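Peer 1: input23.tsv is the file, holding TSV, C-alpha atoms:
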```
chain	number	residue	atom	x	y	z
B	3	MET	CA	-29.33	38.39	-2.68
B	4	ALA	CA	-28.46	36.69	-5.96
B	5	GLU	CA	-29.13	32.98	-6.16
B	6	VAL	CA	-26.58	30.52	-7.52
B	7	ASP	CA	-27.91	27.98	-9.97
B	8	LEU	CA	-26.44	24.50	-9.51
B	9	PRO	CA	-25.82	22.34	-12.57
B	10	SER	CA	-28.78	20.27	-13.58
B	11	ASN	CA	-26.77	17.04	-13.74
B	12	GLY	CA	-26.26	16.96	-9.93
B	13	ALA	CA	-22.53	17.79	-10.02
B	14	GLU	CA	-21.12	19.69	-7.07
B	15	PRO	CA	-19.50	23.13	-7.37
B	16	PRO	CA	-15.76	23.10	-8.08
B	17	GLY	CA	-13.51	23.09	-5.03
B	18	GLU	CA	-15.78	20.86	-2.91
B	19	ALA	CA	-14.93	17.19	-2.47
B	20	SER	CA	-17.71	14.66	-2.73
B	21	PRO	CA	-17.95	12.67	0.52
B	22	ALA	CA	-20.22	10.06	-1.06
B	23	PHE	CA	-17.35	7.94	-2.42
B	24	PRO	CA	-14.22	7.88	-0.24
B	25	TYR	CA	-11.97	6.42	-2.93
B	26	GLU	CA	-9.13	5.63	-0.52
B	27	GLU	CA	-11.28	2.92	1.09
B	28	TYR	CA	-11.60	1.12	-2.24
B	29	GLU	CA	-7.96	1.01	-3.25
B	30	CYS	CA	-5.17	-1.32	-2.24
B	31	LYS	CA	-2.64	0.35	0.07
B	32	ILE	CA	0.24	-1.49	-1.62
B	33	CYS	CA	-0.31	-0.86	-5.33
B	34	TYR	CA	-2.90	1.97	-4.98
B	35	ASN	CA	-5.17	0.45	-7.61
B	36	TYR	CA	-8.91	0.05	-7.20
B	37	PHE	CA	-10.24	-3.32	-6.12
B	38	ASP	CA	-12.20	-5.43	-8.58
B	39	LEU	CA	-13.83	-8.85	-8.62
B	40	ASP	CA	-11.02	-10.60	-10.49
B	41	ARG	CA	-7.28	-10.64	-9.73
B	42	ARG	CA	-7.50	-7.51	-7.58
B	43	ALA	CA	-10.23	-8.90	-5.33
B	44	PRO	CA	-10.24	-7.24	-1.85
B	45	LYS	CA	-8.91	-9.92	0.52
B	46	ILE	CA	-9.36	-9.17	4.22
B	47	LEU	CA	-6.89	-10.52	6.80
B	48	GLU	CA	-7.52	-11.47	10.43
B	49	CYS	CA	-6.21	-8.06	11.51
B	50	LEU	CA	-9.01	-6.45	9.38
B	51	HIS	CA	-6.55	-4.92	6.91
B	52	THR	CA	-7.59	-5.29	3.27
B	53	PHE	CA	-5.28	-5.67	0.26
B	54	CYS	CA	-5.75	-6.87	-3.28
B	55	GLU	CA	-5.22	-10.51	-4.16
B	56	GLU	CA	-2.41	-9.72	-6.60
B	57	CYS	CA	-0.27	-7.95	-3.98
B	58	LEU	CA	-0.95	-10.60	-1.35
B	59	ASN	CA	0.14	-13.29	-3.78
B	60	THR	CA	3.44	-11.47	-4.26
B	61	LEU	CA	3.95	-11.22	-0.49
B	62	HIS	CA	2.96	-14.86	0.00
B	63	LEU	CA	5.69	-16.03	-2.38
B	64	ARG	CA	8.27	-14.44	-0.04
B	65	GLU	CA	6.99	-16.33	2.98
B	66	GLU	CA	9.12	-19.26	4.10
B	67	ARG	CA	6.09	-20.91	5.74
B	68	PRO	CA	3.30	-21.32	3.17
B	69	TRP	CA	0.46	-21.81	5.66
B	70	ARG	CA	0.41	-18.14	6.74
B	71	ILE	CA	1.00	-14.59	5.50
B	72	SER	CA	2.21	-11.55	7.44
B	73	CYS	CA	0.28	-8.29	7.19
B	74	PRO	CA	2.54	-5.57	5.71
B	75	VAL	CA	1.05	-3.01	8.13
B	76	CYS	CA	0.87	-4.68	11.57
B	77	ARG	CA	2.83	-7.95	10.90
B	78	HIS	CA	-0.07	-10.08	12.16
B	79	ARG	CA	0.12	-13.60	10.71
B	80	THR	CA	-3.06	-14.86	9.02
B	81	PRO	CA	-3.47	-18.56	8.10
B	82	VAL	CA	-3.81	-19.19	4.35
B	83	PRO	CA	-6.31	-21.96	3.55
B	84	ASP	CA	-4.75	-24.60	1.29
B	85	TYR	CA	-1.73	-22.27	0.80
B	86	ARG	CA	-3.71	-20.15	-1.71
B	87	ILE	CA	-4.46	-16.45	-1.29
B	88	GLN	CA	-7.65	-16.68	-3.34
B	89	ASN	CA	-9.16	-18.80	-0.55
B	90	LEU	CA	-9.01	-15.86	1.87
B	91	PRO	CA	-12.38	-14.12	2.44
B	92	ASN	CA	-13.30	-11.01	0.49
B	93	ASN	CA	-14.14	-7.69	2.08
B	94	THR	CA	-17.89	-7.70	1.45
B	95	LYS	CA	-18.24	-3.96	2.11
B	96	VAL	CA	-15.98	-3.26	-0.86
B	97	THR	CA	-17.42	-5.92	-3.15
B	98	GLU	CA	-21.00	-4.74	-2.56
B	99	ASP	CA	-20.09	-1.20	-3.69
B	100	PHE	CA	-18.42	-2.45	-6.87
B	101	PRO	CA	-18.53	-1.05	-9.55
B	102	LEU	CA	-20.01	2.21	-8.21
B	103	TYR	CA	-16.68	3.71	-7.20
B	104	ILE	CA	-15.10	2.63	-10.50
B	105	ASP	CA	-17.84	4.37	-12.48
B	106	SER	CA	-17.63	7.49	-10.32
B	107	ASP	CA	-13.86	7.87	-10.68
B	108	PRO	CA	-12.78	6.32	-13.99
B	109	LEU	CA	-9.04	6.86	-13.58
B	110	PRO	CA	-6.70	4.60	-15.52
B	111	GLN	CA	-5.46	1.63	-13.49
B	112	ASP	CA	-2.16	-0.19	-13.74
B	113	ALA	CA	-2.28	-3.05	-16.19
B	114	LEU	CA	-1.75	-6.51	-14.77
B	115	PRO	CA	0.60	-8.98	-16.46
B	116	PRO	CA	-1.17	-11.41	-18.80
B	117	TYR	CA	-0.29	-14.38	-16.60
B	118	PRO	CA	-1.45	-14.97	-13.00
B	119	PRO	CA	1.13	-15.03	-10.18
B	120	PRO	CA	2.85	-18.39	-9.64
B	121	LEU	CA	1.87	-20.73	-6.83
B	122	HIS	CA	3.92	-21.06	-3.69
B	123	PRO	CA	6.83	-23.51	-4.14
B	124	ALA	CA	5.58	-25.63	-1.23
B	125	LEU	CA	2.20	-26.03	-2.92
B	126	VAL	CA	3.86	-26.87	-6.25
B	127	ALA	CA	5.97	-29.56	-4.58
B	128	LEU	CA	2.91	-30.96	-2.83
B	129	ARG	CA	1.00	-31.17	-6.10
B	130	ARG	CA	3.90	-32.89	-7.79
B	131	GLU	CA	3.97	-35.47	-5.03
B	132	GLU	CA	0.21	-35.94	-5.36
B	133	ALA	CA	0.57	-36.45	-9.10
B	134	SER	CA	3.41	-38.93	-8.72
B	135	GLY	CA	1.57	-40.71	-5.92
B	136	ALA	CA	-1.56	-41.01	-8.05
B	137	SER	CA	0.41	-42.43	-10.99
B	138	GLN	CA	2.14	-44.98	-8.77
B	139	ALA	CA	-0.97	-45.65	-6.63
B	140	THR	CA	0.99	-44.89	-3.43
B	141	PRO	CA	-0.57	-41.84	-1.76
B	142	SER	CA	1.38	-42.38	1.47
B	143	THR	CA	4.03	-39.82	0.42
B	144	THR	CA	1.43	-37.08	0.04
B	145	VAL	CA	-0.11	-37.91	3.39
B	146	SER	CA	3.27	-37.90	5.09
B	147	THR	CA	4.15	-34.54	3.51
B	148	ALA	CA	0.88	-32.97	4.59
B	149	THR	CA	1.34	-34.44	8.07
B	150	THR	CA	4.87	-33.00	8.23
B	151	LEU	CA	3.65	-29.56	7.23
B	152	SER	CA	0.86	-29.65	9.81
B	153	GLN	CA	3.31	-30.80	12.49
B	154	ASP	CA	5.65	-27.94	11.59
B	155	SER	CA	2.74	-25.51	11.90
B	156	VAL	CA	1.78	-26.85	15.34
B	157	ARG	CA	5.41	-26.77	16.47
B	158	TYR	CA	5.76	-23.17	15.27
B	159	ASP	CA	2.60	-22.09	17.13
B	160	SER	CA	3.80	-23.79	20.34
B	161	CYS	CA	7.18	-22.07	20.04
B	162	GLN	CA	5.44	-18.72	19.66
B	163	SER	CA	3.39	-19.39	22.81
B	164	CYS	CA	6.52	-20.29	24.80
B	165	LYS	CA	8.18	-17.17	23.46
B	166	ARG	CA	5.33	-14.96	24.68
B	167	VAL	CA	5.46	-16.58	28.14
B	168	ALA	CA	9.22	-16.06	28.35
B	169	LEU	CA	8.92	-12.41	27.29
B	170	THR	CA	6.18	-11.74	29.85
B	171	THR	CA	8.16	-13.41	32.66
B	172	GLY	CA	11.29	-11.49	31.74
B	173	CYS	CA	9.46	-8.15	31.71
B	174	VAL	CA	8.01	-8.86	35.17
B	175	CYS	CA	11.47	-9.75	36.52
B	176	VAL	CA	13.01	-6.59	35.08
B	177	ILE	CA	10.32	-4.35	36.56
B	178	PHE	CA	10.58	-6.02	39.99
B	179	SER	CA	14.39	-5.84	39.97
B	180	PHE	CA	14.40	-2.19	38.94
B	181	LEU	CA	11.94	-1.17	41.68
B	182	SER	CA	13.84	-3.19	44.29
B	183	MET	CA	17.09	-1.56	43.16
B	184	LEU	CA	15.63	1.91	43.65
B	185	VAL	CA	14.37	1.06	47.14
B	186	LEU	CA	17.69	-0.50	48.21
B	187	LEU	CA	19.66	2.38	46.72
B	188	PHE	CA	17.58	4.92	48.61
B	189	MET	CA	17.89	2.97	51.88
B	190	GLY	CA	21.63	2.48	51.38
B	191	LEU	CA	22.20	6.19	50.91
B	192	ILE	CA	20.23	6.91	54.05
B	193	PHE	CA	22.30	4.45	56.12
B	194	VAL	CA	25.59	5.66	54.65
B	195	HIS	CA	24.89	9.32	55.36
B	196	SER	CA	23.54	8.65	58.84
B	197	HIS	CA	26.00	9.76	61.53
B	198	SER	CA	25.79	6.68	63.70
B	199	ILE	CA	28.68	5.45	65.79
B	200	PRO	CA	29.76	2.81	65.02
B	201	PRO	CA	28.64	3.06	61.32
B	202	SER	CA	25.92	0.62	60.36
B	203	PRO	CA	26.88	-2.08	57.80
B	204	ALA	CA	23.35	-1.96	56.33
B	205	GLY	CA	24.29	0.90	53.99
B	206	PRO	CA	27.05	-0.89	52.05
B	207	ILE	CA	25.00	-4.09	51.98
B	208	CYS	CA	21.99	-2.29	50.45
B	209	LEU	CA	24.20	-0.58	47.87
B	210	SER	CA	25.87	-3.88	46.93
B	211	VAL	CA	22.52	-5.65	46.49
B	212	ALA	CA	21.24	-2.68	44.47
B	213	SER	CA	24.24	-2.92	42.10
B	214	ILE	CA	23.65	-6.66	41.68
B	215	LEU	CA	19.98	-6.05	40.85
B	216	ALA	CA	21.00	-3.38	38.33
B	217	MET	CA	23.31	-5.83	36.55
B	218	PHE	CA	20.57	-8.47	36.63
B	219	SER	CA	18.08	-6.03	35.06
B	220	VAL	CA	20.53	-5.17	32.27
B	221	VAL	CA	21.23	-8.84	31.47
B	222	VAL	CA	17.53	-9.82	31.47
B	223	THR	CA	16.68	-6.80	29.30
B	224	TRP	CA	19.33	-7.83	26.78
B	225	LEU	CA	17.94	-11.39	26.73
B	226	ILE	CA	14.40	-10.08	26.16
B	227	CYS	CA	15.54	-7.92	23.23
B	228	TRP	CA	17.49	-10.82	21.73
B	229	LEU	CA	14.54	-13.19	22.08
B	230	LYS	CA	12.04	-10.72	20.64
B	231	TYR	CA	14.03	-9.40	17.67
B	232	ARG	CA	16.12	-12.39	16.66
B	233	PRO	CA	15.47	-13.52	13.06
B	234	ASP	CA	13.68	-16.79	12.35
B	235	HIS	CA	15.45	-17.40	9.04
B	236	GLU	CA	17.68	-20.15	10.38
B	237	THR	CA	14.70	-22.12	11.63
B	238	GLY	CA	12.94	-21.67	8.30
B	239	ARG	CA	16.03	-22.75	6.40
B	240	ALA	CA	16.45	-25.83	8.58
B	241	SER	CA	12.83	-26.87	8.08
B	242	ALA	CA	13.08	-26.23	4.34
B	243	THR	CA	16.27	-28.32	4.15
B	244	SER	CA	14.66	-31.18	6.06
B	245	ASN	CA	11.57	-31.05	3.83
B	246	SER	CA	13.73	-31.10	0.69
B	247	ARG	CA	15.64	-34.11	2.02
B	248	ARG	CA	12.37	-35.93	2.74
B	249	ASN	CA	11.10	-35.11	-0.77
B	250	ALA	CA	14.35	-36.37	-2.29
```
Give the structure from the file, written as C-alpha cells.

Peer 2:
Amino acid sequence: MAEVDLPSNGAEPPGEASPAFPYEEYECKICYNYFDLDRRAPKILECLHTFCEECLNTLHLREERPWRISCPVCRHRTPVPDYRIQNLPNNTKVTEDFPLYIDSDPLPQDALPPYPPPLHPALVALRREEASGASQATPSTTVSTATTLSQDSVRYDSCQSCKRVALTTGCVCVIFSFLSMLVLLFMGLIFVHSHSIPPSPAGPICLSVASILAMFSVVVTWLICWLKYRPDHETGRASATSNSRRNA
C-alpha cells in the first residue's frame, strides 16, 4: 500500500477542518469580527453570552435605563457598573487564547471608526452636574441625582418582582379554573343525559358554573398576556421627563 507523505510544515490535508481553533468561539455574534484586547474586548454578561465591547456600547446607547443592558440573545438584563460597558468583566477564556486565533486565521476584519463610541446620555448629564457642582462647591446636586437614579433602579427591580408574582398567581388560577371547568362539564353532561325522573337540577348547575369558569380563564389569560408583553416605554419616558425636570 502506498504511503501518503504529509507536508513537513504540519499543515493538514485539504478538505479537513482543523478542530484546534474553533473560530466561531472567538468572534462576536453581532458584528462577526474577532475579539481583541482593545475596543473589541470580549465582554461577558450575567447570562454567559459574550459580545465585543463596541457592539455592547451601541446597544447600551439605546437603553432607556443606563444602569443595565439587555442581552440581544436571551434578553437577560445585566447591571452595568458606573454606566460604562468597559467596566464589564472580560471573557478570560477568549483573552488567554489571544492572539493565537488571530495568527491562525488572518482574515481581514472590519475597520472601526477613528473615534470611540459616545457615552450614555445619563452619564454625560451626571458628569456635567459633577463638573458644575465642583465649580460652585455644591455637590448636593450630584448626590441627589445619583440617589434618584439608585431609587429608580430599586423601584424598577421591585416592580419586576411584583410582576413575576402576579404572573405566577395568574397562571395557577388559569390552570385550576380550566381543570375545574373540565370536571364540571363532564359531570354536567352525565347528569343531563341521565334518565332520572324528575330530572336532576345538578346538570344545568354544573354546566353554568363550567361556563363561568371558562370565561374567567379567558379573562385571566388576557390579563396575563397584557401584563407580560406590555411595553415599558411609557414608564421610561416618564422617568426621563422627571429627571430632565429635576436637572433643569

Peer 1: Go ahead and compute the interatomic distance for atom CA of Gly172 of chain B and atom CA of Ile71 of chain B, in Å to one decimal.

Peer 2: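 We find that atom CA of Gly172 of chain B and atom CA of Ile71 of chain B lie 28.4 Å from each other.
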
Peer 1: Excluding same-chain residues fewer than 3 positions from Leu90 of chain B, what lies within 12 Å of it counting all atoms listed in the file, as a VMD selection string?

Peer 2: chain B and resid 43 to 48 52 to 55 58 to 59 69 to 71 80 to 87 93

Peer 1: Neighbouring residues of segment 218-228 of chain B were defined as those with any atom within 7 Å, considering all atoms listed in the file; residues of the same chain fewer than 2 positions away were excluded. Please report them as a tab-separated table (two decimals) with C-alpha atoms, keeping the file's coordinate frame.

Peer 2:
```
chain	number	residue	atom	x	y	z
B	169	LEU	CA	8.92	-12.41	27.29
B	172	GLY	CA	11.29	-11.49	31.74
B	176	VAL	CA	13.01	-6.59	35.08
B	179	SER	CA	14.39	-5.84	39.97
B	180	PHE	CA	14.40	-2.19	38.94
B	214	ILE	CA	23.65	-6.66	41.68
B	215	LEU	CA	19.98	-6.05	40.85
B	216	ALA	CA	21.00	-3.38	38.33
B	230	LYS	CA	12.04	-10.72	20.64
B	231	TYR	CA	14.03	-9.40	17.67
B	232	ARG	CA	16.12	-12.39	16.66
```

Peer 1: What's the separation between atom CA of Cys30 of chain B and atom CA of Gln88 of chain B, in Å to one decimal place?

Peer 2: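 Value for the atom CA of Cys30 of chain B-atom CA of Gln88 of chain B distance: 15.6 Å.
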
Peer 1: Between atom CA of Arg79 of chain B and atom CA of Leu229 of chain B, what is the spacing in Å?

Peer 2: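 Interatomic distance here is 18.4 Å.
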
Peer 1: Identify which of the residues B:Ile192, B:Asp38, B:Glu98, B:Met217 lies closest to Gly205 of chain B, counting all atoms listed in the file when measuring atom-to-atom distances.

Peer 2: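 Closest residue, counting all atoms listed in the file: B:Ile192.
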
Peer 1: Which residue gives the smallest distance to Pro68 of chain B among B:His122, B:His51, B:His195, B:Arg166, with only C-alpha atoms counted?

Peer 2: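 Using only C-alpha atoms, the shortest distance to Pro68 of chain B belongs to B:His122.
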
Peer 1: Of the residues B:Val96, B:Cys49, B:Cys164, B:Arg67, which is the one nearest to Glu27 of chain B, using all atoms listed in the file?

Peer 2: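 Ranking B:Val96, B:Cys49, B:Cys164, B:Arg67 by distance to Glu27 of chain B, first place goes to B:Val96.
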
Peer 1: Identify which of the residues B:Leu209, B:Leu63, B:Cys57, B:Val194 lies closest to Pro120 of chain B, counting all atoms listed in the file when measuring atom-to-atom distances.

Peer 2: B:Leu63
